[in-house]
Structures are given as structure tokens and as C-alpha cells.
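Below is the file entry.csv, which contains CSV, C-alpha atoms (C1' of nucleotides).
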chain,number,residue,atom,x,y,z
A,23,MET,CA,29.7,-26.0,8.4
A,24,ASP,CA,29.4,-26.8,4.8
A,25,ALA,CA,26.3,-28.9,5.4
A,26,LEU,CA,24.6,-26.2,7.2
A,27,GLN,CA,25.5,-23.7,4.6
A,28,THR,CA,24.2,-26.0,1.9
A,29,LYS,CA,21.0,-26.3,3.8
A,30,ARG,CA,20.7,-22.5,4.0
A,31,GLU,CA,21.2,-22.2,0.3
A,32,GLN,CA,18.4,-24.7,-0.2
A,33,THR,CA,16.2,-22.7,2.1
A,34,LEU,CA,16.7,-19.6,0.0
A,35,LEU,CA,16.3,-21.5,-3.3
A,36,ASP,CA,13.0,-23.0,-2.0
A,37,ARG,CA,11.7,-19.5,-1.6
A,38,HIS,CA,13.1,-18.4,-5.0
A,39,ILE,CA,15.7,-16.2,-3.5
A,40,GLN,CA,19.1,-16.0,-5.1
A,41,PRO,CA,21.5,-17.2,-2.5
A,42,THR,CA,24.1,-14.5,-2.3
A,43,ALA,CA,26.8,-14.4,0.3
A,44,MET,CA,25.1,-11.5,2.1
A,45,ARG,CA,21.8,-13.3,2.2
A,46,LEU,CA,23.3,-16.4,3.5
A,47,LEU,CA,24.9,-14.4,6.3
A,48,VAL,CA,21.6,-12.7,7.1
A,49,LEU,CA,19.8,-16.0,7.2
A,50,GLU,CA,22.4,-17.5,9.4
A,51,GLU,CA,22.2,-14.6,11.8
A,52,LEU,CA,18.4,-14.8,11.9
A,53,GLN,CA,18.6,-18.5,12.7
A,54,LYS,CA,21.1,-17.8,15.4
A,55,LEU,CA,19.1,-15.0,17.1
A,56,GLN,CA,15.9,-16.9,17.3
A,57,VAL,CA,14.0,-13.7,18.1
A,58,ALA,CA,12.4,-11.0,16.0
A,59,VAL,CA,15.0,-8.3,15.3
A,60,SER,CA,14.8,-4.7,14.0
A,61,LEU,CA,17.0,-3.5,11.2
A,62,ASN,CA,19.2,-1.7,13.8
A,63,GLU,CA,19.6,-4.8,15.9
A,64,LEU,CA,20.5,-6.8,12.8
A,65,GLU,CA,23.0,-4.2,11.7
A,66,ALA,CA,24.7,-4.3,15.1
A,67,ASN,CA,25.5,-7.9,14.5
A,68,PHE,CA,27.4,-7.1,11.3
A,69,ASP,CA,30.6,-5.3,11.2
A,70,ARG,CA,30.9,-4.2,7.6
A,71,ALA,CA,27.5,-4.7,6.1
A,72,ASP,CA,25.6,-1.8,4.7
A,73,ARG,CA,22.5,-0.8,6.5
A,74,ILE,CA,20.5,-0.4,3.3
A,75,THR,CA,21.6,-3.7,1.9
A,76,LEU,CA,20.4,-5.4,5.1
A,77,TYR,CA,17.1,-3.5,4.8
A,78,ARG,CA,16.6,-4.7,1.2
A,79,THR,CA,17.7,-8.2,2.2
A,80,LEU,CA,15.0,-8.3,4.8
A,81,LYS,CA,12.5,-6.9,2.4
A,82,THR,CA,13.4,-9.5,-0.2
A,83,PHE,CA,13.0,-12.2,2.5
A,84,GLN,CA,9.7,-10.8,3.4
A,85,LYS,CA,8.4,-10.6,-0.1
A,86,ASN,CA,9.3,-14.2,-0.5
A,87,LYS,CA,7.8,-15.2,2.8
A,88,LEU,CA,11.0,-16.3,4.5
A,89,VAL,CA,10.4,-13.8,7.2
A,90,HIS,CA,7.4,-11.9,8.5
A,91,SER,CA,7.4,-8.4,10.0
A,92,ILE,CA,6.0,-7.4,13.3
A,93,ASP,CA,5.1,-3.9,14.5
A,94,ASP,CA,5.5,-4.3,18.2
A,95,GLY,CA,4.9,-0.7,18.9
A,96,THR,CA,8.5,0.1,19.8
A,97,GLY,CA,8.9,2.3,16.8
A,98,SER,CA,10.9,0.0,14.6
A,99,VAL,CA,9.6,-2.9,12.7
A,100,LYS,CA,11.0,-6.3,13.6
A,101,TYR,CA,11.5,-9.3,11.4
A,102,ALA,CA,11.4,-13.0,12.3
A,103,LEU,CA,11.8,-16.2,10.3
A,104,CYS,CA,8.7,-17.8,9.1
A,105,SER,CA,8.2,-21.5,9.8
A,106,ASP,CA,9.2,-23.8,7.0
A,107,GLN,CA,6.0,-24.1,5.1
A,108,CYS,CA,4.6,-20.7,6.0
A,109,GLU,CA,2.6,-18.9,3.4
A,110,CYS,CA,1.8,-16.0,5.6
A,111,ARG,CA,-1.9,-16.6,5.1
A,112,PRO,CA,-4.3,-15.0,7.6
A,113,GLU,CA,-4.8,-18.2,9.5
A,114,GLU,CA,-1.1,-18.6,9.8
A,115,GLN,CA,-0.7,-15.3,11.5
A,116,HIS,CA,0.3,-15.6,15.2
A,117,ALA,CA,0.7,-13.5,18.2
A,118,HIS,CA,4.0,-11.9,19.3
A,119,PHE,CA,5.3,-11.2,22.7
A,120,HIS,CA,7.3,-8.2,23.6
A,121,CYS,CA,9.2,-8.1,26.9
A,122,ASN,CA,9.1,-4.7,28.4
A,123,LYS,CA,12.2,-5.4,30.4
A,124,CYS,CA,14.7,-7.0,28.0
A,125,ASP,CA,13.0,-5.6,24.9
A,126,LEU,CA,13.1,-8.9,23.1
A,127,THR,CA,10.2,-9.7,20.8
A,128,ILE,CA,9.4,-13.4,20.1
A,129,CYS,CA,6.8,-15.3,18.1
A,130,LEU,CA,4.1,-17.1,20.1
A,131,ASN,CA,3.4,-19.7,17.4
A,132,ASP,CA,1.0,-21.6,19.6
A,133,PHE,CA,-1.1,-18.7,20.6
A,134,HIS,CA,-4.4,-18.9,18.8
A,135,LEU,CA,-7.0,-16.2,18.7
A,136,GLN,CA,-10.5,-17.5,18.7
A,137,ARG,CA,-12.3,-16.6,15.5
A,138,ALA,CA,-13.3,-13.1,16.3
A,139,SER,CA,-16.8,-12.2,17.3
A,140,LEU,CA,-16.8,-9.1,15.2
A,141,PRO,CA,-19.8,-6.8,14.8
A,142,LYS,CA,-22.2,-7.7,12.0
A,143,HIS,CA,-20.9,-7.1,8.5
A,144,PHE,CA,-17.3,-6.8,9.6
A,145,VAL,CA,-14.9,-9.0,7.7
A,146,MET,CA,-11.5,-10.0,9.2
A,147,GLN,CA,-8.6,-10.2,6.8
A,148,GLU,CA,-5.6,-10.0,9.0
A,149,MET,CA,-4.8,-9.4,12.6
A,150,ASN,CA,-1.9,-8.0,14.6
A,151,LEU,CA,-1.7,-9.1,18.2
A,152,VAL,CA,1.2,-8.0,20.3
A,153,ILE,CA,1.2,-8.9,24.0
A,154,LYS,CA,3.6,-7.0,26.2
A,155,GLY,CA,4.9,-7.8,29.6
A,156,LEU,CA,7.7,-9.8,31.1
A,157,CYS,CA,9.3,-12.8,29.4
A,158,ASP,CA,10.3,-16.0,31.3
A,159,HIS,CA,13.8,-14.7,31.8
A,160,CYS,CA,12.7,-11.4,33.2
A,161,SER,CA,9.7,-12.4,35.3
A,162,ASP,CA,12.1,-13.4,38.0
A,163,GLY,CA,11.0,-17.0,37.8
A,164,THR,CA,8.0,-16.4,40.0
B,10,MET,CA,-24.7,24.8,22.3
B,11,ASP,CA,-23.8,26.3,25.6
B,12,ALA,CA,-24.9,23.3,27.5
B,13,LEU,CA,-22.8,21.0,25.4
B,14,GLN,CA,-19.9,23.4,25.7
B,15,THR,CA,-20.3,23.4,29.5
B,16,LYS,CA,-20.4,19.7,29.5
B,17,ARG,CA,-17.2,19.5,27.6
B,18,GLU,CA,-15.5,21.9,30.0
B,19,GLN,CA,-16.6,19.6,32.8
B,20,THR,CA,-15.2,16.6,30.9
B,21,LEU,CA,-11.8,18.3,30.7
B,22,LEU,CA,-11.9,19.5,34.3
B,23,ASP,CA,-12.8,16.0,35.4
B,24,ARG,CA,-9.5,14.9,33.9
B,25,HIS,CA,-7.6,17.8,35.4
B,26,ILE,CA,-7.1,19.4,32.0
B,27,GLN,CA,-7.3,23.2,31.8
B,28,PRO,CA,-10.2,23.8,29.4
B,29,THR,CA,-8.7,26.2,26.8
B,30,ALA,CA,-10.5,27.2,23.6
B,31,MET,CA,-8.2,24.9,21.6
B,32,ARG,CA,-8.8,21.9,23.8
B,33,LEU,CA,-12.5,22.4,23.7
B,34,LEU,CA,-12.4,22.4,19.9
B,35,VAL,CA,-10.3,19.3,19.8
B,36,LEU,CA,-12.6,17.5,22.2
B,37,GLU,CA,-15.6,18.6,20.2
B,38,GLU,CA,-14.0,17.3,17.0
B,39,LEU,CA,-13.1,14.0,18.6
B,40,GLN,CA,-16.6,13.6,19.8
B,41,LYS,CA,-18.0,14.4,16.4
B,42,LEU,CA,-15.7,12.0,14.5
B,43,GLN,CA,-16.4,9.0,16.6
B,44,VAL,CA,-13.4,7.1,15.2
B,45,ALA,CA,-9.7,7.0,16.0
B,46,VAL,CA,-7.9,9.7,14.1
B,47,SER,CA,-4.3,10.4,13.3
B,48,LEU,CA,-2.7,13.8,13.9
B,49,ASN,CA,-2.9,14.4,10.2
B,50,GLU,CA,-6.6,13.6,10.0
B,51,LEU,CA,-7.3,15.8,13.0
B,52,GLU,CA,-5.3,18.6,11.4
B,53,ALA,CA,-7.3,18.3,8.2
B,54,ASN,CA,-10.4,19.2,10.2
B,55,PHE,CA,-9.0,22.5,11.4
B,56,ASP,CA,-8.4,25.4,9.3
B,57,ARG,CA,-6.0,27.5,11.2
B,58,ALA,CA,-4.8,25.3,14.1
B,59,ASP,CA,-1.1,24.6,14.4
B,60,ARG,CA,-0.1,21.0,13.9
B,61,ILE,CA,2.2,21.0,16.9
B,62,THR,CA,-0.4,22.4,19.2
B,63,LEU,CA,-2.8,19.7,18.1
B,64,TYR,CA,-0.1,17.2,18.7
B,65,ARG,CA,0.5,18.5,22.2
B,66,THR,CA,-3.2,18.7,22.9
B,67,LEU,CA,-3.6,15.0,22.0
B,68,LYS,CA,-0.6,14.2,24.2
B,69,THR,CA,-2.1,16.1,27.1
B,70,PHE,CA,-5.4,14.3,26.6
B,71,GLN,CA,-3.5,11.0,26.5
B,72,LYS,CA,-1.5,11.8,29.7
B,73,ASN,CA,-4.8,12.5,31.5
B,74,LYS,CA,-6.5,9.5,30.1
B,75,LEU,CA,-9.1,11.3,28.0
B,76,VAL,CA,-7.9,9.6,24.9
B,77,HIS,CA,-5.9,6.5,24.2
B,78,SER,CA,-3.6,5.9,21.3
B,79,ILE,CA,-3.6,3.0,18.8
B,80,ASP,CA,-0.8,1.9,16.6
B,81,ASP,CA,-2.8,0.3,13.8
B,82,GLY,CA,0.2,-0.4,11.6
B,83,THR,CA,-0.6,2.3,9.1
B,84,GLY,CA,2.5,4.3,10.1
B,85,SER,CA,0.8,7.0,12.1
B,86,VAL,CA,-0.5,6.7,15.6
B,87,LYS,CA,-4.2,7.2,16.0
B,88,TYR,CA,-6.1,8.6,19.0
B,89,ALA,CA,-9.6,7.9,20.2
B,90,LEU,CA,-11.7,9.1,23.2
B,91,CYS,CA,-11.7,6.9,26.2
B,92,SER,CA,-14.9,5.9,27.8
B,93,ASP,CA,-16.0,8.1,30.7
B,94,GLN,CA,-14.5,6.2,33.6
B,95,CYS,CA,-11.6,4.7,31.8
B,96,GLU,CA,-8.3,4.5,33.6
B,97,CYS,CA,-6.5,2.8,30.8
B,98,ARG,CA,-5.8,-0.2,32.9
B,99,PRO,CA,-4.7,-3.4,31.2
B,100,GLU,CA,-8.1,-5.0,31.7
B,101,GLU,CA,-9.7,-2.0,30.1
B,102,GLN,CA,-7.7,-2.3,26.9
B,103,HIS,CA,-9.7,-3.3,23.9
B,104,ALA,CA,-9.2,-4.3,20.4
B,105,HIS,CA,-9.4,-2.0,17.4
B,106,PHE,CA,-10.5,-2.6,13.9
B,107,HIS,CA,-8.9,-1.0,10.9
B,108,CYS,CA,-10.7,-1.1,7.6
B,109,ASN,CA,-8.4,-1.8,4.7
B,110,LYS,CA,-10.7,-0.1,2.3
B,111,CYS,CA,-11.9,3.1,3.9
B,112,ASP,CA,-8.9,3.3,6.2
B,113,LEU,CA,-11.0,4.1,9.3
B,114,THR,CA,-10.0,2.7,12.6
B,115,ILE,CA,-12.5,2.2,15.3
B,116,CYS,CA,-12.7,0.8,18.9
B,117,LEU,CA,-14.1,-2.6,19.4
B,118,ASN,CA,-15.1,-2.0,23.0
B,119,ASP,CA,-16.9,-5.3,23.3
B,120,PHE,CA,-14.1,-7.4,22.0
B,121,HIS,CA,-12.5,-9.3,24.8
B,122,LEU,CA,-9.4,-11.4,24.6
B,123,GLN,CA,-9.5,-14.5,26.7
B,124,ARG,CA,-6.9,-14.3,29.4
B,125,ALA,CA,-4.0,-15.4,27.4
B,126,SER,CA,-2.6,-18.9,27.5
B,127,LEU,CA,0.9,-17.7,27.6
B,128,PRO,CA,3.9,-19.9,28.0
B,129,LYS,CA,5.1,-20.6,31.5
B,130,HIS,CA,6.6,-17.6,33.4
B,131,PHE,CA,5.4,-15.1,30.9
B,132,VAL,CA,3.5,-12.2,32.4
B,133,MET,CA,1.1,-10.1,30.4
B,134,GLN,CA,1.1,-6.4,31.2
B,135,GLU,CA,-0.6,-4.9,28.1
B,136,MET,CA,-1.8,-6.0,24.8
B,137,ASN,CA,-2.3,-4.5,21.4
B,138,LEU,CA,-4.8,-6.2,19.1
B,139,VAL,CA,-5.6,-4.7,15.8
B,140,ILE,CA,-7.9,-6.6,13.5
B,141,LYS,CA,-7.9,-5.6,9.8
B,142,GLY,CA,-10.4,-6.2,7.2
B,143,LEU,CA,-13.5,-4.6,5.8
B,144,CYS,CA,-15.9,-2.6,8.0
B,145,ASP,CA,-19.6,-2.8,7.8
B,146,HIS,CA,-19.8,0.0,5.3
B,147,CYS,CA,-17.1,-1.4,3.0
B,148,SER,CA,-18.0,-5.1,3.1
B,149,ASP,CA,-20.7,-4.5,0.6
B,150,GLY,CA,-23.4,-5.4,3.1
B,151,THR,CA,-23.1,-9.0,2.4
C,1,DT,C1',34.3,-13.4,-23.3
C,2,DT,C1',30.3,-10.7,-23.6
C,3,DT,C1',26.1,-9.3,-21.8
C,4,DG,C1',22.2,-8.4,-19.1
C,5,DA,C1',19.7,-8.8,-14.9
C,6,DG,C1',20.0,-8.7,-10.3
C,7,DA,C1',22.6,-7.3,-5.9
C,8,DT,C1',25.1,-4.0,-3.4
C,9,DG,C1',26.7,0.5,-1.5
C,10,DC,C1',26.4,5.4,-0.8
C,11,DA,C1',23.8,9.6,-0.8
C,12,DA,C1',19.7,11.7,-0.4
C,13,DT,C1',14.9,12.1,0.6
C,14,DC,C1',10.5,11.5,3.0
C,15,DC,C1',7.6,11.6,6.8
C,16,DG,C1',5.9,11.1,11.4
C,17,DA,C1',7.3,12.2,16.1
C,18,DT,C1',9.3,15.2,19.2
C,19,DT,C1',11.7,19.2,21.3
C,20,DG,C1',13.5,24.3,22.0
C,21,DC,C1',12.3,28.7,22.4
C,22,DA,C1',9.9,32.9,22.3
C,23,DA,C1',5.4,35.1,22.1
C,24,DA,C1',0.7,35.2,23.8
C,25,DG,C1',-2.7,34.1,27.2
C,26,DT,C1',-4.3,33.1,31.9
C,27,DT,C1',-4.5,33.3,36.9
C,28,DA,C1',-3.5,34.7,41.6
C,29,DG,C1',-1.9,38.1,44.6
C,30,DG,C1',-1.1,42.9,45.7
D,1,DC,C1',-6.3,47.5,37.9
D,2,DC,C1',-1.6,45.6,37.4
D,3,DT,C1',2.1,42.7,37.6
D,4,DA,C1',4.5,38.2,38.3
D,5,DA,C1',4.5,33.3,37.6
D,6,DC,C1',2.9,29.8,35.1
D,7,DT,C1',0.7,27.6,31.1
D,8,DT,C1',-0.5,27.3,26.4
D,9,DT,C1',0.4,28.2,21.7
D,10,DG,C1',3.0,28.7,17.4
D,11,DC,C1',7.0,28.5,14.6
D,12,DA,C1',11.4,26.5,13.5
D,13,DA,C1',14.3,22.9,13.9
D,14,DT,C1',15.7,18.3,14.9
D,15,DC,C1',15.6,13.3,15.1
D,16,DG,C1',15.1,8.7,13.6
D,17,DG,C1',13.2,5.0,11.0
D,18,DA,C1',11.7,3.9,6.3
D,19,DT,C1',12.4,4.2,1.6
D,20,DT,C1',14.3,5.5,-3.0
D,21,DG,C1',17.7,7.0,-6.9
D,22,DC,C1',21.6,5.9,-9.0
D,23,DA,C1',26.0,4.2,-10.1
D,24,DT,C1',28.8,0.2,-9.5
D,25,DC,C1',29.6,-4.6,-8.9
D,26,DT,C1',28.7,-9.6,-9.3
D,27,DC,C1',27.3,-13.5,-11.4
D,28,DA,C1',25.1,-16.7,-14.5
D,29,DA,C1',23.8,-17.6,-19.1
D,30,DA,C1',24.8,-17.3,-24.0
Any chance you could give the structure as C-alpha cells?
Amino acid sequence: MDALQTKREQTLLDRHIQPTAMRLLVLEELQKLQVAVSLNELEANFDRADRITLYRTLKTFQKNKLVHSIDDGTGSVKYALCSDQCECRPEEQHAHFHCNKCDLTICLNDFHLQRASLPKHFVMQEMNLVIKGLCDHCSDGT
Amino acid sequence: MDALQTKREQTLLDRHIQPTAMRLLVLEELQKLQVAVSLNELEANFDRADRITLYRTLKTFQKNKLVHSIDDGTGSVKYALCSDQCECRPEEQHAHFHCNKCDLTICLNDFHLQRASLPKHFVMQEMNLVIKGLCDHCSDGT
DNA sequence: TTTGAGATGCAATCCGATTGCAAAGTTAGG
DNA sequence: CCTAACTTTGCAATCGGATTGCATCTCAAA
């Protein structure tokens, strides 16, 4: 317990985030969940935490590249932990998968988009790729 | 003028959309603009039209597959004309490009995503790919 | 212990999306 | 031509997610 907690503190410190109790809790929750969560979903996992504080916690995490945000088209932005050394550079951006059945959104870290064949004089800076369908749990194991 | 107007009426009829004055105007505007527009942007091109009517017009167009919508991450959904025979099937979905400088969003009809190498048991149903960067006009012609 | 910066909590606002309802327009049948 | 039934339009209002203002609280450094 203590060891894990200490590790979380270090994780925050590494990203220059003051490790407050709230932030440690949020980090712990994100690590547990393992999927991208919306503010609402995160809030549902806390009994007494203030919604706005959670919001600002996520924003702080995002600013310091501990989490990245995904707009999966469901109407609410989701947040997911970045990998350890992530700097959120264009080339580190990855696809996300949204299950239309269970509504979970996960990172597809291995999914690479071929360098785009854009029309002449178009310059790519970022990309947002969300694939929707059925996840492994919902596809009925076919 | 009349010929074009007649053609537009036919376009609407082909999609089983009652060709009202308003709808013809909106269709004309969309054809003129040639880019994906948000409700706000569309409204700005009309002097006396009601915002909600425009909204419902777009929704009607969308339901009848005359336009498709794009969530380019700017916070407001954009709409663009479908190609003539489009049925909005998964394989007809295409990428969109959003210029970070001039804020225009356009369809990249030719941009094909390779059949995704998804993890086992994941099934793709739709996808949303938005590439952001600088368009040909804004990339300084380099 | 004091102090100041940052974190937190509550209230309020903003804005895009969407709906309810009544008025106006359109069409088919008499 | 005239009405009934349906559709479209316009205005008001609501909804929900995102965001900000401000006062309070916490904590670390002096």
C-alpha cells in the first residue's frame, strides 16, 4: 500500500505536479480503471469529491502530460493516462477505440496510422482517430 | 438560375426531402461553401433565417443522407454535403482535415484508412478520423 | 508562527445541442 | 374554392458539459 502510494507520489512529482491527497486518489482511480473516463464517470467513483475539483485535477494532469484527452464523439471528453515517458508529441498520438455496446473507450497504443497521403501543401500537425464498434468483451467472442 | 434551382429540387426529392424554400437556400449555401460548416457558420450566411430552423434543416438533411456530420474537436459539429450516391455506409466514411490556422474543415474524400489491424475480437463499425494542421492556403505555399 | 502560493469547494456562467408548442404554410380530398 | 391533416417554421425554454470567479483552506518555506 505504502509502496504503491510512494510510487504514485513520484509519478506526480516526475510531472511537476504537487502530490495532494486528491490528486493521489484520482491517479489511483485512473490506474485502476485502465480505460478512458469522462468527468462524470470519474465522479461516479468518488463519494464526496467535488466535481469541479476533479475537473481541475484532470486539467492539471493534462497540462503536465500525465493524461491525454480523447473526444470520442459521445459528447463528453474522456481522459486516459499517458504512458510513462509520453510527451504528447504528434508522433506519440494514437488511436482510440470506443465500444458502441458497453460504451468503454480505450487506447489502441499499437495502432499506427501510415504517414498520411495528404493533398499537396497540406501539413499534418495532429490527428484524432476514433474507431467505433464492438470491443472484445462485447463482440460475443466470434 | 432556374435550371440550377430545378436541379436542387431534384436533389432534395431524390433524398425524399420536401423541397421548401428554406431547404433550397440551405442546400445552395452548402454547395457554394464547399467546406464543412457549423450551425453558427451557416447562420452567419443568412440574414433572417432562424437558427433552430437551420438546425432542423441540417438534421433533416443528415437523416436523409444529404449531408454528414463531422466532430472535428472544435466544440461544434460541422456538416458537409455527401457525394451524390452516398449512403453513409462505414466503407464510405472518409477522413476530414481541419486547418488550425483558418479553422476550415474539409472532406478528404480520397483518404483511405487501411482496414484496421485491430486487436483480436474487436469489430470496427465506424471510424472518425480528423487530421489537423495547415491547409494548402495557410501552409505558406512551402 | 507567519506568510504567500497553490489547491479546493461552491455558485454561477457560457455555449452548443435539443425540445415544446403554437403559428404559418402546404397538400389532398371534397 | 375550401377545409382538414400534416409538415415546416419560429420563438422560448431547457439541458448538459465545459469553464470561470471567488472565497476559503492547506501546506511548505521563511
Could you list, as a list in words, the residues of chain C having an atom within 10 Å of chain B when counting only C-alpha atoms (C1' of nucleotides)?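 That gives the following set of residues: DC15, DG16, DA17, DT18, DG25 and DT26 of chain C.
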Got a sec to pull out which chain B residues are within 12 Å of chain D, counting all atoms listed in the file, and send them as a tab-separated table (two decimals) with C-alpha atoms, keeping the file's coordinate frame?
chain	number	residue	atom	x	y	z
B	26	ILE	CA	-7.10	19.40	32.00
B	27	GLN	CA	-7.30	23.20	31.80
B	28	PRO	CA	-10.20	23.80	29.40
B	29	THR	CA	-8.70	26.20	26.80
B	30	ALA	CA	-10.50	27.20	23.60
B	31	MET	CA	-8.20	24.90	21.60
B	32	ARG	CA	-8.80	21.90	23.80
B	57	ARG	CA	-6.00	27.50	11.20
B	58	ALA	CA	-4.80	25.30	14.10
B	59	ASP	CA	-1.10	24.60	14.40
B	60	ARG	CA	-0.10	21.00	13.90
B	61	ILE	CA	2.20	21.00	16.90
B	62	THR	CA	-0.40	22.40	19.20
B	63	LEU	CA	-2.80	19.70	18.10
B	64	TYR	CA	-0.10	17.20	18.70
B	65	ARG	CA	0.50	18.50	22.20
B	66	THR	CA	-3.20	18.70	22.90
B	69	THR	CA	-2.10	16.10	27.10
B	84	GLY	CA	2.50	4.30	10.10
So which one's closest to chain A, B:Ala89, B:Ile79, B:Cys97, B:Leu21? Using all atoms listed in the file, please. B:Ile79
Up to 7 Å from chain A, what residues of chain B turn up? Count only C-alpha atoms and give them as an MDAnalysis selection string. chainID B and resid 80 82 129:145 148 150:151
Quick one, how far is CA of Asn86 in chain A from CA of Arg37 in chain A? 5.9 Å
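Computed from the coordinates, the CA of Lys87 in chain A to CA of Lys54 in chain A distance equals 18.5 Å.
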Expressed in Å to a single decimal, how great is the separation between CA of Glu51 in chain A and CA of Glu65 in chain A?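 So the two atoms, CA of Glu51 in chain A and CA of Glu65 in chain A, lie 10.4 Å apart.
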Within 10 Å of Leu75 in chain B using all atoms listed in the file, minus same-chain residues under 6 positions, as an mmCIF file with C-alpha atoms, in the coordinates of the input:
data_model
loop_
_atom_site.group_PDB
_atom_site.id
_atom_site.type_symbol
_atom_site.label_atom_id
_atom_site.label_comp_id
_atom_site.auth_asym_id
_atom_site.auth_seq_id
_atom_site.Cartn_x
_atom_site.Cartn_y
_atom_site.Cartn_z
ATOM 1 C CA THR B 20 -15.200 16.600 30.900
ATOM 2 C CA LEU B 21 -11.800 18.300 30.700
ATOM 3 C CA ASP B 23 -12.800 16.000 35.400
ATOM 4 C CA ARG B 24 -9.500 14.900 33.900
ATOM 5 C CA HIS B 25 -7.600 17.800 35.400
ATOM 6 C CA ILE B 26 -7.100 19.400 32.000
ATOM 7 C CA LEU B 36 -12.600 17.500 22.200
ATOM 8 C CA LEU B 67 -3.600 15.000 22.000
ATOM 9 C CA LYS B 68 -0.600 14.200 24.200
ATOM 10 C CA THR B 69 -2.100 16.100 27.100
ATOM 11 C CA TYR B 88 -6.100 8.600 19.000
ATOM 12 C CA ALA B 89 -9.600 7.900 20.200
ATOM 13 C CA LEU B 90 -11.700 9.100 23.200
ATOM 14 C CA CYS B 91 -11.700 6.900 26.200
ATOM 15 C CA SER B 92 -14.900 5.900 27.800
ATOM 16 C CA ASP B 93 -16.000 8.100 30.700
ATOM 17 C CA GLN B 94 -14.500 6.200 33.600
ATOM 18 C CA CYS B 95 -11.600 4.700 31.800
ATOM 19 C CA GLU B 96 -8.300 4.500 33.600
ATOM 20 C CA CYS B 97 -6.500 2.800 30.800
#
Please fill the gaps in range 35-48 of chain A so it has N, CA and C atoms, and write that as a PDB file, in the coordinates of the input.
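Result written to selection-v5.pdb:
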ATOM      1  N   LEU A  35      16.739 -21.030  -1.940  1.00  0.00           N
ATOM      2  CA  LEU A  35      16.300 -21.500  -3.300  1.00  0.00           C
ATOM      3  C   LEU A  35      14.804 -21.876  -3.214  1.00  0.00           C
ATOM      4  N   ASP A  36      14.439 -22.545  -2.115  1.00  0.00           N
ATOM      5  CA  ASP A  36      13.000 -23.000  -2.000  1.00  0.00           C
ATOM      6  C   ASP A  36      12.089 -21.789  -2.028  1.00  0.00           C
ATOM      7  N   ARG A  37      12.585 -20.658  -1.572  1.00  0.00           N
ATOM      8  CA  ARG A  37      11.700 -19.500  -1.600  1.00  0.00           C
ATOM      9  C   ARG A  37      12.020 -18.579  -2.796  1.00  0.00           C
ATOM     10  N   HIS A  38      12.737 -19.133  -3.745  1.00  0.00           N
ATOM     11  CA  HIS A  38      13.100 -18.400  -5.000  1.00  0.00           C
ATOM     12  C   HIS A  38      13.864 -17.140  -4.687  1.00  0.00           C
ATOM     13  N   ILE A  39      14.807 -17.279  -3.752  1.00  0.00           N
ATOM     14  CA  ILE A  39      15.700 -16.200  -3.500  1.00  0.00           C
ATOM     15  C   ILE A  39      17.114 -16.563  -3.865  1.00  0.00           C
ATOM     16  N   GLN A  40      17.710 -15.757  -4.690  1.00  0.00           N
ATOM     17  CA  GLN A  40      19.100 -16.000  -5.100  1.00  0.00           C
ATOM     18  C   GLN A  40      20.006 -16.028  -3.894  1.00  0.00           C
ATOM     19  N   PRO A  41      20.703 -17.131  -3.664  1.00  0.00           N
ATOM     20  CA  PRO A  41      21.500 -17.200  -2.500  1.00  0.00           C
ATOM     21  C   PRO A  41      22.856 -16.524  -2.571  1.00  0.00           C
ATOM     22  N   THR A  42      22.885 -15.269  -2.296  1.00  0.00           N
ATOM     23  CA  THR A  42      24.100 -14.500  -2.300  1.00  0.00           C
ATOM     24  C   THR A  42      24.824 -14.671  -0.953  1.00  0.00           C
ATOM     25  N   ALA A  43      26.078 -14.266  -0.909  1.00  0.00           N
ATOM     26  CA  ALA A  43      26.800 -14.400   0.300  1.00  0.00           C
ATOM     27  C   ALA A  43      26.130 -13.568   1.454  1.00  0.00           C
ATOM     28  N   MET A  44      25.759 -12.355   1.105  1.00  0.00           N
ATOM     29  CA  MET A  44      25.100 -11.500   2.100  1.00  0.00           C
ATOM     30  C   MET A  44      23.828 -12.145   2.617  1.00  0.00           C
ATOM     31  N   ARG A  45      23.037 -12.680   1.743  1.00  0.00           N
ATOM     32  CA  ARG A  45      21.800 -13.300   2.200  1.00  0.00           C
ATOM     33  C   ARG A  45      21.973 -14.497   3.028  1.00  0.00           C
ATOM     34  N   LEU A  46      23.004 -15.255   2.702  1.00  0.00           N
ATOM     35  CA  LEU A  46      23.300 -16.400   3.500  1.00  0.00           C
ATOM     36  C   LEU A  46      23.709 -15.981   4.932  1.00  0.00           C
ATOM     37  N   LEU A  47      24.474 -14.901   4.978  1.00  0.00           N
ATOM     38  CA  LEU A  47      24.900 -14.400   6.300  1.00  0.00           C
ATOM     39  C   LEU A  47      23.690 -13.912   7.104  1.00  0.00           C
ATOM     40  N   VAL A  48      22.807 -13.188   6.437  1.00  0.00           N
ATOM     41  CA  VAL A  48      21.600 -12.700   7.100  1.00  0.00           C
ATOM     42  C   VAL A  48      20.767 -13.833   7.639  1.00  0.00           C
TER      43      VAL A  48
END
